[in-house]
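Novice: Quick one: this structure, given as structure tokens, is what I'll be asking you about.
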Amino acid sequence: MNFSFTEDQTAIREAVARICSRFDAEYWLEKDRKGGFPFDFYDALAAEGWLGICTEEGCGGSGLGISEAAIMMRTISESGAGLSGASSVHINIFGLHPVAVFGNEEQKQRMIRPIAEGRAKACFGVTEPNTGLNTTQLKLRAEKRGDKYIVNGQKVWISTAQVADNILLLARTTPLEEVKSPTHGLSLFYAPIDRDRVKVQEIDKMGRKAVDSNELFFENFEIAESDRIGEEGRGFEYILHGLNPERILIAAEAVGLGFAALNRATDYAKEREVFNRPIGKNQAIQHPLAERLVELEAAWLMIMKAAWEYDNGLPCGASANMAKYLAGEAGFNACQTAVMTHGGFGYAKEYHVERYLRESLIPRIAPVSPQLALCFIAEKVLGLPKSY
């Protein structure tokens with residue numbers, strides 16, 4: 001069992017870190033204050049081909065695995081870009097996987113290549129105001145009329161919709177009362193956003209101001225039949241193929257953020273003197289930092305296990321949920337400890353750790369809560385009765 005990176009994986013980490021070094025902590029602090037999508041950061045990664053790391057070579061990508069993508073996303077977050085940087089490119093890395101698996105060749109070239117090459121931006125429209133994680137109860141309706149679908153309804157917490165060219169949209173094409181199973185009757189589309197028919201309203205939120213989150217209102221929004229992915233009514237099945245990789249990648253981002261916070265806290269503990277000695281000499285400072293390191297390293301091992309399983313075609317649902325749970329908690333704990341290590345200065349924006357703490361809540365909440373991850377593990381691994 002070899003825990004070291006391959007030469008290629010080491011090269012990926014170093015190359016991505018070099019790009020990230022051009023966008024220092026002050027850059028991300030300014031983005032946190034004023035907002036605005038980090039176009040220059042996005043373009044820098046696109047220029048060197050990193051947005052297509054998981055995309056097959058035939059669609060303009062590198063054809064690498066989730067293991068390599070996890071290393072990339074951890075590196076971005078750990079650089080100090082945090083979730084602001086990672087979220088700006090997150091959907092490019094694996095978001096269009098359902099298209100890669102279930103789309104036809106024309107759709108793959110038309111839809112995936114521009115994303116992989118950084119020439120187009122996309123958002124992912126699943127969550128709705130009154131359904132939350134209960135995806136089978138989605139209400140957004142796409143009604144077939146001739147060779148197009150007419151879409152009406154709402155979505156919420158849709159990231160990057162302010163700047164996206166296209167949306168990967170899950171909509172109900174058969175009313176819930178007419179299907180045999182609630183997982184049936186949902187269809188998946190990838191279509192250009194007609195902003196005359198889709199009102200995008202940004203949500204003012206706690207952190208990650210550089211990457212917008214939005215509520216979307218669809219009013220007679222038209223989608224061509226040629227923009228439907230796969231068969232009508234099987235969209236729920238299609239999006240399941242991307243859930244485990246998404247959990248792995250956001251877990252990697254959480255660990256990266258935790259390490260960014262831990263590194264700042266450790267440096268501060270070495271330099272800050274109280275009672276004529278560095279506070280890092282005190283076990284009350286040392287032990288929490290050491291505990292956070294242990295938690296982050298354990299979470300990272302779980303992430304790489306899950307990624308290895310996925311890349312080798314093995315079942316990875318349990319590992320992916322364990323990784324997401326561990327990383328979400330470890331990242332949050334590290335960021336909280338970093339603030340406390342700084343004392344009062346931890347509350348000051350110029351020290352950056354308060355920003356990390358705010359962002360650390362994102363990979364705890366999304367794309368699945370820690371409680372639901374535990375429910376999955378309890379049912380699928382321990383064999384306990386389903387609780388939801």
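Letters A, B, ... go to the chains of the structure tokens in the order shown; residues in each chain start at 1; ligands are counted from 1 in the same order.
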With DSSP run on the backbone, what are the helix (DSSP H, G or I) residues within stretch 103-272 of chain A? I'd like them as an NGL selection string.

Specialist: :A and (105-116 or 135-137 or 176-178 or 225-227 or 235-240 or 243-271)

Novice: Stretch 190-264 of chain A near stretch 285-308 of chain A within 8 Å: what's each residue's closest atom pair and its distance in Å to one decimal, counting only C-alpha atoms, ordered by chain then ascending residue number, as CSV?

Specialist:
residue,atom,partner,partner_atom,distance
A:Pro245,CA,A:Ala307,CA,7.6
A:Ile248,CA,A:Ile303,CA,6.0
A:Ala251,CA,A:Ile303,CA,6.9
A:Ala252,CA,A:Ile303,CA,6.8
A:Val255,CA,A:Leu296,CA,6.0
A:Gly258,CA,A:Leu296,CA,7.0
A:Phe259,CA,A:Leu296,CA,7.4
A:Leu262,CA,A:Leu289,CA,7.0

Novice: With only C-alpha atoms as the counted atoms, please give the residues lying no more than 10 Å from A:Met73, apart from itself and same-chain residues fewer than 6 positions off, as a list in words.

Specialist: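 Once the adjacent positions are removed, what remains is Arg13, Val16, Ser79, Gly82, Leu83, Gly85, Ala86, Ser87, Val89, His90, Ile93, Leu249, Ile250, Ala251, Ala252, Glu253, Ala254, Val255 and Gly256 of chain A.
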
Novice: So, with only C-alpha atoms as the atoms that count, which of A:Arg141, A:Arg355, A:Arg277, A:Lys324 lies closest to A:Leu372?

Specialist: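 Under the stated criterion, the closest residue is A:Lys324.
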
Novice: Would you kindly return, as a ChimeraX atom specification, each protein, DNA or RNA residue with an atom no farther than 8 Å from any atom of A:Arg264, considering only C-alpha atoms and excluding same-chain residues fewer than 3 positions away?

Specialist: /A:260-261,267-268,338,353

Novice: Show me, as an MDAnalysis selection string, the residues that have an atom within 10 Å of stretch 56-62 of chain A when counting only C-alpha atoms, minus same-chain residues fewer than 4 positions from it.

Specialist: chainID A and resid 49:52 93 100 105 108:117

Novice: Could you name the residues that touch A:Lys349 at 12 Å or less, counting only C-alpha atoms, but leaving out those on the same chain fewer than 2 positions away, as a list in words?

Specialist: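 With the cut-off at 12 Å, the set is Ala25, Glu26, Trp28, Leu29, Glu30, Asp32, Arg33, Val339, His342, Gly344, Phe345, Gly346, Tyr347, Tyr351, His352, Val353, Glu354, Arg355, Tyr356, Leu357 and Arg358 of chain A.
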
Novice: Separation of atom CA of A:Leu64 and atom CA of A:Phe3, in Å?

Specialist: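 Computing the Euclidean distance for atom CA of A:Leu64 and atom CA of A:Phe3 yields 18.4 Å.
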
Novice: I'd like the contact shell of A:Pro192 - 8 Å cut-off, only C-alpha atoms, skipping same-chain residues fewer than 2 positions apart - returned as a list of chain:residue names.

Specialist: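 Close residues of A:Pro192: A:Asp165, A:Asn166, A:Ile167, A:Tyr190, A:Asp194.
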
Novice: I'd like to know which of A:Ala323, A:Ile150, A:Leu138, A:Ala334 is closest to A:Phe236, using only C-alpha atoms.

Specialist: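 Comparing A:Ala323, A:Ile150, A:Leu138, A:Ala334 against A:Phe236, the winner is A:Leu138.
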
Novice: I need the residues in stretch 211-353 of chain A that are strand (DSSP E or B) according to DSSP; give them as a VMD selection string.

Specialist: chain A and resid 213 to 224 228 to 229 234 273 to 274 277 to 278

Novice: Could you state the separation of atom CA of A:Thr135 and atom CA of A:Ala120 in Å, given to one decimal place?

Specialist: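 Value for the atom CA of A:Thr135-atom CA of A:Ala120 distance: 26.9 Å.
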
Novice: Would you please work out which residue, of A:Glu329, A:Glu106, A:Glu237, A:Glu225, is nearest to A:Lys144 when using only C-alpha atoms?

Specialist: A:Glu225

Novice: Using only C-alpha atoms, can you tell me which of A:Val126, A:Ala366, A:Val211, A:Val381 comes closest to A:Ser84?

Specialist: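 When distances to A:Ser84 are compared using only C-alpha atoms, the smallest one comes from A:Val211.
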
Novice: Interatomic distance between atom CA of A:Lys148 and atom CA of A:Glu222?

Specialist: 6.5 Å
